[in-house]
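Chemist: For reference, this is input-v3.txt, and it has compact mmCIF, C-alpha atoms.
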# COMPACT_ATOMS: atom_id res chain seq x y z
CA MET D 1415 40.91 -10.43 144.10
CA GLY D 1416 42.68 -7.11 144.54
CA GLN D 1417 45.32 -9.00 146.55
CA SER D 1418 46.47 -10.75 143.38
CA LYS D 1419 49.59 -9.24 141.86
CA ARG D 1420 49.47 -11.07 138.54
CA ARG D 1421 46.77 -11.82 136.00
CA GLU D 1422 47.50 -15.56 136.13
CA GLU D 1423 47.18 -15.45 139.92
CA ARG D 1424 43.70 -13.91 139.67
CA GLU D 1425 42.70 -16.49 137.06
CA PHE D 1426 44.04 -19.27 139.31
CA TYR D 1427 41.91 -18.19 142.29
CA LEU D 1428 38.84 -17.45 140.16
CA ARG D 1429 38.98 -20.90 138.58
CA LEU D 1430 39.44 -22.66 141.91
CA ALA D 1431 36.83 -20.54 143.70
CA ILE D 1432 34.27 -21.69 141.12
CA GLN D 1433 35.50 -25.28 141.03
CA GLU D 1434 35.77 -25.68 144.82
CA ARG D 1435 32.76 -23.47 145.61
CA TRP D 1436 34.71 -21.50 148.18
CA SER D 1437 32.98 -18.99 150.40
CA LYS D 1438 34.54 -15.53 150.83
CA ARG D 1439 36.13 -16.79 154.05
CA ASP D 1440 37.54 -19.89 152.32
CA LEU D 1441 38.99 -17.77 149.50
CA GLU D 1442 40.59 -15.40 151.99
CA ARG D 1443 42.20 -18.36 153.73
CA GLN D 1444 43.65 -19.65 150.46
CA PHE D 1445 45.19 -16.21 149.84
CA ASN D 1446 46.67 -16.30 153.34
CA THR D 1447 48.13 -19.78 152.81
CA ALA D 1448 49.75 -18.55 149.55
CA LEU D 1449 48.16 -21.37 147.58
CA PHE D 1450 49.11 -19.88 144.19
CA GLU D 1451 52.77 -19.41 145.10
CA ARG D 1452 52.99 -22.91 146.55
CA ALA D 1453 51.31 -24.46 143.51
CA VAL D 1454 53.80 -22.84 141.13
CA LEU D 1455 56.95 -23.25 143.19
CA SER D 1456 56.24 -26.71 144.66
CA PRO D 1457 54.22 -29.04 142.42
CA PRO D 1458 53.03 -32.28 144.08
CA LYS D 1459 55.53 -35.16 144.39
CA VAL D 1460 53.89 -38.17 142.70
CA SER D 1461 55.20 -41.55 141.62
CA PRO D 1462 55.45 -42.51 137.91
CA THR D 1463 52.59 -44.98 138.46
CA VAL D 1464 50.28 -42.15 139.53
CA ARG D 1465 51.19 -40.15 136.42
CA GLN D 1466 50.33 -43.16 134.25
CA SER D 1467 47.14 -44.32 135.96
CA HIS D 1468 45.82 -40.92 137.09
CA PRO D 1469 47.43 -38.19 134.91
CA GLU D 1470 45.02 -35.57 136.26
CA ALA D 1471 46.10 -36.20 139.87
CA ALA D 1472 48.91 -33.63 139.66
CA SER D 1473 46.30 -30.87 139.45
CA ILE D 1474 44.30 -32.23 142.40
CA PHE D 1475 46.86 -33.00 145.10
CA LYS D 1476 49.31 -30.60 146.77
CA ASP D 1477 52.93 -30.70 147.81
CA ALA D 1478 51.98 -29.30 151.24
CA TYR D 1479 48.71 -29.06 153.14
CA ALA D 1480 48.05 -26.21 155.56
CA VAL D 1481 46.58 -27.47 158.85
CA GLU D 1482 47.15 -24.34 160.90
CA PHE D 1483 43.84 -25.05 162.66
CA LEU D 1484 45.47 -27.93 164.59
CA ASN D 1485 47.56 -28.01 167.78
CA LEU D 1486 49.88 -30.97 167.44
CA HIS D 1487 52.27 -32.80 169.73
CA LEU D 1488 51.92 -36.51 168.90
CA GLU D 1489 50.87 -38.59 165.90
CA ALA D 1490 47.64 -39.36 167.75
CA ASP D 1491 47.02 -35.59 168.05
CA LEU D 1492 47.33 -35.26 164.28
CA HIS D 1493 44.85 -38.08 163.72
CA ARG D 1494 42.32 -36.87 166.30
CA GLY D 1495 42.76 -33.25 165.29
CA LEU D 1496 42.01 -33.93 161.62
CA LEU D 1497 38.89 -35.85 162.60
CA ARG D 1498 37.71 -33.01 164.87
CA LYS D 1499 38.38 -30.50 162.11
CA LEU D 1500 37.21 -32.75 159.28
CA LYS D 1501 35.25 -29.99 157.55
CA GLU D 1502 38.31 -27.73 157.40
CA PHE D 1503 40.50 -30.62 156.26
CA LEU D 1504 38.06 -31.54 153.48
CA ILE D 1505 38.14 -27.93 152.26
CA GLU D 1506 41.94 -28.07 152.24
CA LEU D 1507 41.89 -31.37 150.33
CA GLY D 1508 39.32 -30.26 147.75
CA HIS D 1509 35.59 -30.50 147.11
CA ASP D 1510 35.57 -33.91 145.37
CA PHE D 1511 37.02 -35.72 148.40
CA CYS D 1512 34.51 -37.79 150.40
CA PHE D 1513 35.35 -39.17 153.84
CA VAL D 1514 35.06 -42.97 154.10
CA GLY D 1515 36.57 -43.81 157.47
CA SER D 1516 39.23 -43.47 160.16
CA GLU D 1517 41.50 -46.36 161.18
CA TYR D 1518 39.89 -48.23 158.32
CA PRO D 1519 40.28 -52.00 158.91
CA ILE D 1520 42.19 -54.11 156.41
CA GLN D 1521 42.53 -57.84 157.03
CA VAL D 1522 45.23 -59.85 155.27
CA GLY D 1523 45.69 -63.50 156.16
CA GLY D 1524 45.00 -63.77 159.85
CA GLN D 1525 46.23 -60.27 160.71
CA ASP D 1526 44.31 -57.03 161.19
CA PHE D 1527 45.67 -53.67 160.03
CA ALA D 1528 44.30 -50.13 160.32
CA LEU D 1529 44.68 -47.43 157.67
CA ASP D 1530 44.80 -43.94 159.20
CA LEU D 1531 42.31 -42.17 156.92
CA LEU D 1532 40.39 -43.32 153.87
CA PHE D 1533 38.70 -41.02 151.36
CA PHE D 1534 37.07 -41.40 147.97
CA HIS D 1535 37.68 -38.89 145.18
CA ARG D 1536 34.67 -38.54 142.88
CA GLY D 1537 36.58 -36.98 139.99
CA LEU D 1538 39.35 -39.57 140.01
CA ASN D 1539 36.85 -42.35 140.80
CA CYS D 1540 39.20 -44.02 143.25
CA LEU D 1541 39.90 -44.57 146.92
CA VAL D 1542 42.55 -42.31 148.48
CA ALA D 1543 44.43 -43.68 151.47
CA ILE D 1544 46.20 -41.17 153.74
CA GLU D 1545 48.88 -42.31 156.17
CA LEU D 1546 49.95 -39.78 158.81
CA LYS D 1547 53.50 -39.28 160.08
CA VAL D 1548 54.59 -36.65 162.61
CA THR D 1549 58.22 -37.14 161.56
CA ARG D 1550 60.04 -36.34 158.32
CA PHE D 1551 59.55 -38.66 155.36
CA GLU D 1552 61.59 -41.86 155.36
CA PRO D 1553 61.75 -44.15 152.28
CA GLU D 1554 60.61 -47.22 154.24
CA TYR D 1555 57.20 -45.58 154.77
CA LEU D 1556 56.37 -46.34 151.13
CA GLY D 1557 56.43 -50.10 151.74
CA LYS D 1558 53.65 -50.00 154.31
CA LEU D 1559 51.58 -47.65 152.15
CA ALA D 1560 51.98 -49.96 149.13
CA PHE D 1561 50.78 -52.87 151.29
CA TYR D 1562 47.64 -50.94 152.26
CA LEU D 1563 46.93 -50.00 148.64
CA GLU D 1564 47.20 -53.63 147.58
CA GLY D 1565 44.72 -54.56 150.30
CA LEU D 1566 42.30 -51.85 149.20
CA ASP D 1567 42.48 -52.80 145.52
CA ARG D 1568 42.00 -56.52 146.22
CA ASP D 1569 39.32 -56.41 148.89
CA VAL D 1570 37.67 -52.97 149.03
CA LYS D 1571 37.76 -51.36 145.56
CA LYS D 1572 34.64 -51.88 143.47
CA ALA D 1573 34.86 -53.20 139.91
CA HIS D 1574 34.04 -49.87 138.25
CA GLU D 1575 36.59 -47.89 140.31
CA ARG D 1576 40.13 -47.03 139.28
CA PRO D 1577 43.24 -48.15 141.25
CA SER D 1578 43.62 -46.61 144.70
CA ILE D 1579 46.07 -43.77 145.42
CA GLY D 1580 48.09 -43.41 148.60
CA VAL D 1581 49.25 -40.19 150.25
CA LEU D 1582 51.98 -40.05 152.87
CA LEU D 1583 51.36 -36.89 154.88
CA CYS D 1584 54.57 -36.15 156.82
CA ALA D 1585 55.81 -33.38 159.08
CA SER D 1586 58.62 -32.58 156.61
CA LYS D 1587 60.47 -34.07 153.65
CA ASP D 1588 63.72 -33.75 151.75
CA ASP D 1589 62.74 -33.34 148.09
CA GLU D 1590 65.79 -35.21 146.84
CA VAL D 1591 65.06 -38.18 149.12
CA VAL D 1592 61.45 -38.10 147.89
CA GLU D 1593 62.57 -38.05 144.25
CA TYR D 1594 64.83 -41.07 144.76
CA ALA D 1595 62.18 -42.99 146.69
CA LEU D 1596 59.41 -42.37 144.15
CA SER D 1597 61.48 -42.98 141.02
CA ARG D 1598 61.54 -46.79 141.39
CA THR D 1599 58.36 -47.49 143.31
CA LEU D 1600 55.52 -49.24 141.48
CA SER D 1601 53.03 -47.95 144.03
CA PRO D 1602 50.61 -45.13 143.05
CA ALA D 1603 51.83 -42.89 145.85
CA LEU D 1604 52.26 -39.21 146.67
CA ILE D 1605 54.46 -37.63 149.31
CA ALA D 1606 53.26 -34.40 150.93
CA GLU D 1607 53.90 -32.50 154.12
CA TYR D 1608 51.59 -30.69 156.48
CA GLN D 1609 52.20 -27.16 157.73
CA THR D 1610 50.87 -26.11 161.13
CA GLN D 1611 51.69 -22.44 160.53
CA LEU D 1612 50.79 -20.18 157.64
CA PRO D 1613 53.73 -19.81 155.23
CA ASP D 1614 55.67 -16.56 154.92
CA LYS D 1615 53.82 -15.07 151.98
CA ARG D 1616 56.35 -12.28 151.41
CA LEU D 1617 59.16 -14.81 151.12
CA LEU D 1618 57.14 -16.96 148.72
CA ARG D 1619 56.30 -13.92 146.60
CA ALA D 1620 60.00 -13.05 146.40
CA LYS D 1621 60.81 -16.62 145.32
CA LEU D 1622 57.98 -16.51 142.78
CA HIS D 1623 59.31 -13.24 141.35
CA GLU D 1624 62.75 -14.82 141.00
CA PHE D 1625 61.18 -17.87 139.38
CA TYR D 1626 59.37 -15.73 136.79
CA LEU D 1627 62.56 -13.84 136.01
CA GLN D 1628 64.37 -17.12 135.38
CA ASN D 1629 61.57 -18.30 133.13
CA ALA D 1630 61.03 -15.04 131.26
CA THR D 1631 61.24 -16.86 127.94
CA GLU D 1632 58.22 -18.99 128.77
CA GLU D 1633 54.95 -18.30 126.97
CA PRO D 1634 53.22 -15.27 128.60
CA GLY D 1635 50.59 -16.28 131.12
CA LYS D 1636 51.75 -19.87 131.23
CA ILE D 1637 52.57 -21.28 134.64
CA ALA D 1638 55.51 -23.62 134.29
CA ALA D 1639 56.73 -26.03 136.92
CA PRO D 1640 60.10 -25.19 138.45
CA SER D 1641 62.93 -27.11 136.85
CA LYS D 1642 64.51 -29.80 139.02
CA LYS D 1643 68.10 -29.09 139.97
CA ARG D 1644 70.30 -31.84 141.21
CA ARG D 1645 72.58 -31.06 144.09
CA THR D 1646 76.26 -31.18 143.28
CA ARG D 1647 78.21 -33.28 145.72
CA LYS D 1648 81.69 -32.25 146.74
CA LYS D 1649 84.35 -34.87 146.22
CA ALA D 1650 86.17 -36.01 149.30
Mind turning this structure into C-alpha cells?
Modeler:
Amino acid sequence: MGQSKRREEREFYLRLAIQERWSKRDLERQFNTALFERAVLSPPKVSPTVRQSHPEAASIFKDAYAVEFLNLHLEADLHRGLLRKLKEFLIELGHDFCFVGSEYPIQVGGQDFALDLLFFHRGLNCLVAIELKVTRFEPEYLGKLAFYLEGLDRDVKKAHERPSIGVLLCASKDDEVVEYALSRTLSPALIAEYQTQLPDKRLLRAKLHEFYLQNATEEPGKIAAPSKKRRTRKKA
C-alpha cells in the first residue's frame, strides 16, 4: 500500500482487495497494471441500455483489460490463450464472473452460431457474452453481438435472470467512434480493449495529476469521471 500516492488510491485498492479477495501477488499485479489510474481516467464505455438495466455495471466492467500473460498473433491465439490462462483472465474480470463455455452454441432457425466466450456474473445475475476481435473496434461488430444477446435471452436465459450483457473485446478503439456507435444502440453492450503489455504507469500518473488539477473544485476525496470533450473539426 506504500506504493499509493493518494488516500483515495489506497482506499480504492483496499476496497477491491477485500471485495475481489486478491492475494499479495494479485494486488501487486493490479498496482503494476495501474488499475486505479485507468479506472479514473478511462471509465467503461457502456450503452444507455446497460445503464438502465444494469446501473451497477459501470463499477464492474473496465475500459481496458490487461492480458499481458498472452502471446498473440491471430484471433484464434487470443481465444485459445484466454482459455489456457482462464484463471488469470477470471482474476482480471473480477471474482463474481463464472465461466460457462467457449464457442457456446446458439441455434436460430436452421443455422448454428458460436459465441466466443460465455460467462455468468453472480452479482448482476445475468449472462455475459464476450466477443473477441484482434482488430480495432468497428461499429458493425455491434450488430452481431446484439444478435447473440437476443439468442441468449430467448433460448438460454433462465426466468429469474436479468437480461444478458455483451462485451466486445477489441485490440483497440477510437473513443469517439465508440460513443457514436453506443449512443443509438438498443443492445446492452460494452466496448473494451485488451492490452498485451503493461501500461506506462508514469505516464498515467502524470495524466492523473493533470486530471486532478483540472478538477480541483471537486469534493475532496471524490473520484470524478473525466469530462467528455468533443473534437473540433476544421472547416474545409
Chemist: Need the shell around Ser1597 of chain D: protein/DNA/RNA residues with any atom at most 10 Å away, counting all atoms listed in the file. Skip same-chain ones fewer than 3 positions apart. Format as a list in words?
Modeler: Val1460, Ser1461, Pro1462, Thr1463, Val1592, Glu1593, Tyr1594 and Leu1600 of chain D
Chemist: In terms of the shortest atom-to-atom distance over all atoms listed in the file, which of D:Ala1478, D:Ile1505, D:Ile1605, D:Leu1582 is closest to Arg1452 of chain D?
Modeler: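 Selected residue with least distance to Arg1452 of chain D: D:Ala1478.
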Chemist: Which one is closest to Leu1546 of chain D: D:Lys1572, D:Glu1502, D:Pro1577, D:Glu1607? Count all atoms listed in the file.
Modeler: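 Using all atoms listed in the file, Leu1546 of chain D sits closest to D:Glu1607.
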Chemist: Please provide the set of residues having any atom within 12 Å of Ser1418 of chain D, restricted to all atoms listed in the file, with same-chain residues fewer than 2 positions apart removed, written as number ranges by chain.
Modeler: D: 1415-1416, 1420-1428, 1441-1442, 1444-1446, 1448-1451, 1619
Chemist: Would you put the residues from that selection into a file with C-alpha atoms, as a JSON list (two decimals), keeping the file's coordinate frame?
Modeler:
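For reference, selection07.json as written:
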[["chain", "number", "residue", "atom", "x", "y", "z"],
["D", 1415, "MET", "CA", 40.91, -10.43, 144.10],
["D", 1416, "GLY", "CA", 42.68, -7.11, 144.54],
["D", 1420, "ARG", "CA", 49.47, -11.07, 138.54],
["D", 1421, "ARG", "CA", 46.77, -11.82, 136.00],
["D", 1422, "GLU", "CA", 47.50, -15.56, 136.13],
["D", 1423, "GLU", "CA", 47.18, -15.45, 139.92],
["D", 1424, "ARG", "CA", 43.70, -13.91, 139.67],
["D", 1425, "GLU", "CA", 42.70, -16.49, 137.06],
["D", 1426, "PHE", "CA", 44.04, -19.27, 139.31],
["D", 1427, "TYR", "CA", 41.91, -18.19, 142.29],
["D", 1428, "LEU", "CA", 38.84, -17.45, 140.16],
["D", 1441, "LEU", "CA", 38.99, -17.77, 149.50],
["D", 1442, "GLU", "CA", 40.59, -15.40, 151.99],
["D", 1444, "GLN", "CA", 43.65, -19.65, 150.46],
["D", 1445, "PHE", "CA", 45.19, -16.21, 149.84],
["D", 1446, "ASN", "CA", 46.67, -16.30, 153.34],
["D", 1448, "ALA", "CA", 49.75, -18.55, 149.55],
["D", 1449, "LEU", "CA", 48.16, -21.37, 147.58],
["D", 1450, "PHE", "CA", 49.11, -19.88, 144.19],
["D", 1451, "GLU", "CA", 52.77, -19.41, 145.10],
["D", 1619, "ARG", "CA", 56.30, -13.92, 146.60]]
Chemist: State, in Å with one decimal place, the distance from atom CA of Ser1601 of chain D to atom CA of Pro1553 of chain D.
Modeler: 12.6 Å
Chemist: Measuring atom to atom with all atoms listed in the file, identify which of D:Thr1447, D:Leu1566, D:Val1522, D:Leu1492 is nearest to Ala1480 of chain D.
Modeler: D:Thr1447
Chemist: Which of these residues is nearest to Val1581 of chain D, using all atoms listed in the file: D:Lys1547, D:Arg1598, D:Arg1616, D:His1493?
Modeler: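 So, comparing all the options, the nearest one is D:Lys1547.
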Chemist: Pick out the closest residue to Arg1536 of chain D from this set: D:Phe1503, D:Phe1513, D:Tyr1479, D:Phe1561. Count all atoms listed in the file.
Modeler: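 Nearest candidate to Arg1536 of chain D out of D:Phe1503, D:Phe1513, D:Tyr1479, D:Phe1561: D:Phe1513.
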Chemist: Grab the atom CA of Ala1603 of chain D to atom CA of Leu1618 of chain D distance for me, in Å with one decimal place.
Modeler: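 About the pair atom CA of Ala1603 of chain D and atom CA of Leu1618 of chain D: they are 26.6 Å apart.
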Chemist: Taking into account only C-alpha atoms, which residue in the set D:Leu1529, D:Val1591, D:Leu1504, D:Val1570 is nearest to Asp1440 of chain D?
Modeler: D:Leu1504
Chemist: Calculate how many Å separate atom CA of Tyr1562 of chain D from atom CA of Glu1434 of chain D, rounding to one decimal.
Modeler: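 Going from atom CA of Tyr1562 of chain D over to atom CA of Glu1434 of chain D, I get 28.9 Å.
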Chemist: Which residues are close to segment 1498-1501 of chain D, i.e. within 12 Å by all atoms listed in the file, leaving aside same-chain residues fewer than 2 positions away? Reply as a list of chain:residue names.
Modeler: D:Asp1440, D:Val1481, D:Glu1482, D:Phe1483, D:Leu1484, D:Asn1485, D:Asp1491, D:Leu1492, D:His1493, D:Arg1494, D:Gly1495, D:Leu1496, D:Phe1503, D:Leu1504, D:Ile1505, D:Glu1506, D:Leu1507, D:Gly1508, D:His1509, D:Phe1511, D:Cys1512, D:Phe1513, D:Val1514, D:Gly1515, D:Ser1516, D:Leu1531, D:Phe1533
Chemist: Next, dump the selected residues to file, keeping only C-alpha atoms, as an mmCIF file, in the frame of the given file.
Modeler:
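Now in again.cif:
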data_model
loop_
_atom_site.group_PDB
_atom_site.id
_atom_site.type_symbol
_atom_site.label_atom_id
_atom_site.label_comp_id
_atom_site.auth_asym_id
_atom_site.auth_seq_id
_atom_site.Cartn_x
_atom_site.Cartn_y
_atom_site.Cartn_z
ATOM 1 C CA ASP D 1440 37.540 -19.890 152.320
ATOM 2 C CA VAL D 1481 46.580 -27.470 158.850
ATOM 3 C CA GLU D 1482 47.150 -24.340 160.900
ATOM 4 C CA PHE D 1483 43.840 -25.050 162.660
ATOM 5 C CA LEU D 1484 45.470 -27.930 164.590
ATOM 6 C CA ASN D 1485 47.560 -28.010 167.780
ATOM 7 C CA ASP D 1491 47.020 -35.590 168.050
ATOM 8 C CA LEU D 1492 47.330 -35.260 164.280
ATOM 9 C CA HIS D 1493 44.850 -38.080 163.720
ATOM 10 C CA ARG D 1494 42.320 -36.870 166.300
ATOM 11 C CA GLY D 1495 42.760 -33.250 165.290
ATOM 12 C CA LEU D 1496 42.010 -33.930 161.620
ATOM 13 C CA PHE D 1503 40.500 -30.620 156.260
ATOM 14 C CA LEU D 1504 38.060 -31.540 153.480
ATOM 15 C CA ILE D 1505 38.140 -27.930 152.260
ATOM 16 C CA GLU D 1506 41.940 -28.070 152.240
ATOM 17 C CA LEU D 1507 41.890 -31.370 150.330
ATOM 18 C CA GLY D 1508 39.320 -30.260 147.750
ATOM 19 C CA HIS D 1509 35.590 -30.500 147.110
ATOM 20 C CA PHE D 1511 37.020 -35.720 148.400
ATOM 21 C CA CYS D 1512 34.510 -37.790 150.400
ATOM 22 C CA PHE D 1513 35.350 -39.170 153.840
ATOM 23 C CA VAL D 1514 35.060 -42.970 154.100
ATOM 24 C CA GLY D 1515 36.570 -43.810 157.470
ATOM 25 C CA SER D 1516 39.230 -43.470 160.160
ATOM 26 C CA LEU D 1531 42.310 -42.170 156.920
ATOM 27 C CA PHE D 1533 38.700 -41.020 151.360
#
Chemist: Mind rebuilding segment 1460-1494 of chain D with N, CA and C atoms and writing that out as a PDB file, in the frame of the given file?
Modeler:
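Written file, selection15.pdb:
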ATOM      1  N   VAL D1460      54.662 -36.959 142.989  1.00  0.00           N
ATOM      2  CA  VAL D1460      53.890 -38.170 142.700  1.00  0.00           C
ATOM      3  C   VAL D1460      54.783 -39.208 142.044  1.00  0.00           C
ATOM      4  N   SER D1461      54.430 -40.462 142.212  1.00  0.00           N
ATOM      5  CA  SER D1461      55.200 -41.550 141.620  1.00  0.00           C
ATOM      6  C   SER D1461      54.861 -41.669 140.134  1.00  0.00           C
ATOM      7  N   PRO D1462      55.744 -42.297 139.332  1.00  0.00           N
ATOM      8  CA  PRO D1462      55.450 -42.510 137.910  1.00  0.00           C
ATOM      9  C   PRO D1462      54.150 -43.274 137.689  1.00  0.00           C
ATOM     10  N   THR D1463      53.825 -44.196 138.603  1.00  0.00           N
ATOM     11  CA  THR D1463      52.590 -44.980 138.460  1.00  0.00           C
ATOM     12  C   THR D1463      51.362 -44.087 138.550  1.00  0.00           C
ATOM     13  N   VAL D1464      51.399 -43.087 139.425  1.00  0.00           N
ATOM     14  CA  VAL D1464      50.280 -42.150 139.530  1.00  0.00           C
ATOM     15  C   VAL D1464      50.133 -41.373 138.227  1.00  0.00           C
ATOM     16  N   ARG D1465      51.238 -40.919 137.670  1.00  0.00           N
ATOM     17  CA  ARG D1465      51.190 -40.150 136.420  1.00  0.00           C
ATOM     18  C   ARG D1465      50.601 -40.987 135.276  1.00  0.00           C
ATOM     19  N   GLN D1466      50.845 -42.289 135.298  1.00  0.00           N
ATOM     20  CA  GLN D1466      50.330 -43.160 134.250  1.00  0.00           C
ATOM     21  C   GLN D1466      48.863 -43.503 134.461  1.00  0.00           C
ATOM     22  N   SER D1467      48.507 -43.868 135.691  1.00  0.00           N
ATOM     23  CA  SER D1467      47.140 -44.320 135.960  1.00  0.00           C
ATOM     24  C   SER D1467      46.167 -43.183 136.220  1.00  0.00           C
ATOM     25  N   HIS D1468      46.673 -42.063 136.766  1.00  0.00           N
ATOM     26  CA  HIS D1468      45.820 -40.920 137.090  1.00  0.00           C
ATOM     27  C   HIS D1468      46.526 -39.628 136.661  1.00  0.00           C
ATOM     28  N   PRO D1469      46.664 -39.371 135.367  1.00  0.00           N
ATOM     29  CA  PRO D1469      47.430 -38.190 134.910  1.00  0.00           C
ATOM     30  C   PRO D1469      46.892 -36.868 135.432  1.00  0.00           C
ATOM     31  N   GLU D1470      45.610 -36.809 135.775  1.00  0.00           N
ATOM     32  CA  GLU D1470      45.020 -35.570 136.260  1.00  0.00           C
ATOM     33  C   GLU D1470      45.285 -35.333 137.741  1.00  0.00           C
ATOM     34  N   ALA D1471      45.884 -36.311 138.427  1.00  0.00           N
ATOM     35  CA  ALA D1471      46.100 -36.200 139.870  1.00  0.00           C
ATOM     36  C   ALA D1471      47.017 -35.041 140.238  1.00  0.00           C
ATOM     37  N   ALA D1472      47.967 -34.704 139.359  1.00  0.00           N
ATOM     38  CA  ALA D1472      48.910 -33.630 139.660  1.00  0.00           C
ATOM     39  C   ALA D1472      48.211 -32.291 139.867  1.00  0.00           C
ATOM     40  N   SER D1473      47.043 -32.116 139.285  1.00  0.00           N
ATOM     41  CA  SER D1473      46.300 -30.870 139.450  1.00  0.00           C
ATOM     42  C   SER D1473      45.329 -30.917 140.622  1.00  0.00           C
ATOM     43  N   ILE D1474      45.243 -32.063 141.291  1.00  0.00           N
ATOM     44  CA  ILE D1474      44.300 -32.230 142.400  1.00  0.00           C
ATOM     45  C   ILE D1474      45.001 -32.226 143.751  1.00  0.00           C
ATOM     46  N   PHE D1475      46.150 -32.906 143.828  1.00  0.00           N
ATOM     47  CA  PHE D1475      46.860 -33.000 145.100  1.00  0.00           C
ATOM     48  C   PHE D1475      47.869 -31.858 145.239  1.00  0.00           C
ATOM     49  N   LYS D1476      48.376 -31.683 146.461  1.00  0.00           N
ATOM     50  CA  LYS D1476      49.310 -30.600 146.770  1.00  0.00           C
ATOM     51  C   LYS D1476      50.614 -31.153 147.308  1.00  0.00           C
ATOM     52  N   ASP D1477      51.642 -30.333 147.227  1.00  0.00           N
ATOM     53  CA  ASP D1477      52.930 -30.700 147.810  1.00  0.00           C
ATOM     54  C   ASP D1477      52.901 -30.510 149.331  1.00  0.00           C
ATOM     55  N   ALA D1478      52.098 -29.571 149.801  1.00  0.00           N
ATOM     56  CA  ALA D1478      51.980 -29.300 151.240  1.00  0.00           C
ATOM     57  C   ALA D1478      50.543 -28.903 151.554  1.00  0.00           C
ATOM     58  N   TYR D1479      50.064 -29.367 152.696  1.00  0.00           N
ATOM     59  CA  TYR D1479      48.710 -29.060 153.140  1.00  0.00           C
ATOM     60  C   TYR D1479      48.786 -28.225 154.409  1.00  0.00           C
ATOM     61  N   ALA D1480      48.058 -27.122 154.412  1.00  0.00           N
ATOM     62  CA  ALA D1480      48.050 -26.210 155.560  1.00  0.00           C
ATOM     63  C   ALA D1480      47.016 -26.694 156.572  1.00  0.00           C
ATOM     64  N   VAL D1481      47.476 -27.032 157.768  1.00  0.00           N
ATOM     65  CA  VAL D1481      46.580 -27.470 158.850  1.00  0.00           C
ATOM     66  C   VAL D1481      46.838 -26.591 160.071  1.00  0.00           C
ATOM     67  N   GLU D1482      46.859 -25.291 159.824  1.00  0.00           N
ATOM     68  CA  GLU D1482      47.150 -24.340 160.900  1.00  0.00           C
ATOM     69  C   GLU D1482      46.070 -24.343 161.974  1.00  0.00           C
ATOM     70  N   PHE D1483      44.945 -24.983 161.697  1.00  0.00           N
ATOM     71  CA  PHE D1483      43.840 -25.050 162.660  1.00  0.00           C
ATOM     72  C   PHE D1483      44.062 -26.154 163.703  1.00  0.00           C
ATOM     73  N   LEU D1484      45.198 -26.858 163.647  1.00  0.00           N
ATOM     74  CA  LEU D1484      45.470 -27.930 164.590  1.00  0.00           C
ATOM     75  C   LEU D1484      46.550 -27.526 165.593  1.00  0.00           C
ATOM     76  N   ASN D1485      46.513 -28.167 166.763  1.00  0.00           N
ATOM     77  CA  ASN D1485      47.560 -28.010 167.780  1.00  0.00           C
ATOM     78  C   ASN D1485      48.146 -29.382 168.036  1.00  0.00           C
ATOM     79  N   LEU D1486      49.348 -29.617 167.500  1.00  0.00           N
ATOM     80  CA  LEU D1486      49.880 -30.970 167.440  1.00  0.00           C
ATOM     81  C   LEU D1486      51.064 -31.194 168.372  1.00  0.00           C
ATOM     82  N   HIS D1487      51.114 -32.373 168.933  1.00  0.00           N
ATOM     83  CA  HIS D1487      52.270 -32.800 169.730  1.00  0.00           C
ATOM     84  C   HIS D1487      52.671 -34.230 169.381  1.00  0.00           C
ATOM     85  N   LEU D1488      51.665 -35.105 169.179  1.00  0.00           N
ATOM     86  CA  LEU D1488      51.920 -36.510 168.900  1.00  0.00           C
ATOM     87  C   LEU D1488      51.191 -36.913 167.626  1.00  0.00           C
ATOM     88  N   GLU D1489      51.550 -38.077 167.092  1.00  0.00           N
ATOM     89  CA  GLU D1489      50.870 -38.590 165.900  1.00  0.00           C
ATOM     90  C   GLU D1489      49.386 -38.780 166.165  1.00  0.00           C
ATOM     91  N   ALA D1490      49.046 -39.195 167.390  1.00  0.00           N
ATOM     92  CA  ALA D1490      47.640 -39.360 167.750  1.00  0.00           C
ATOM     93  C   ALA D1490      46.917 -38.019 167.727  1.00  0.00           C
ATOM     94  N   ASP D1491      47.629 -36.923 168.101  1.00  0.00           N
ATOM     95  CA  ASP D1491      47.020 -35.590 168.050  1.00  0.00           C
ATOM     96  C   ASP D1491      46.690 -35.208 166.625  1.00  0.00           C
ATOM     97  N   LEU D1492      47.574 -35.550 165.694  1.00  0.00           N
ATOM     98  CA  LEU D1492      47.330 -35.260 164.280  1.00  0.00           C
ATOM     99  C   LEU D1492      46.094 -35.989 163.802  1.00  0.00           C
ATOM    100  N   HIS D1493      45.993 -37.261 164.133  1.00  0.00           N
ATOM    101  CA  HIS D1493      44.850 -38.080 163.720  1.00  0.00           C
ATOM    102  C   HIS D1493      43.546 -37.543 164.311  1.00  0.00           C
ATOM    103  N   ARG D1494      43.532 -37.351 165.636  1.00  0.00           N
ATOM    104  CA  ARG D1494      42.320 -36.870 166.300  1.00  0.00           C
ATOM    105  C   ARG D1494      41.966 -35.458 165.866  1.00  0.00           C
TER     106      ARG D1494
END
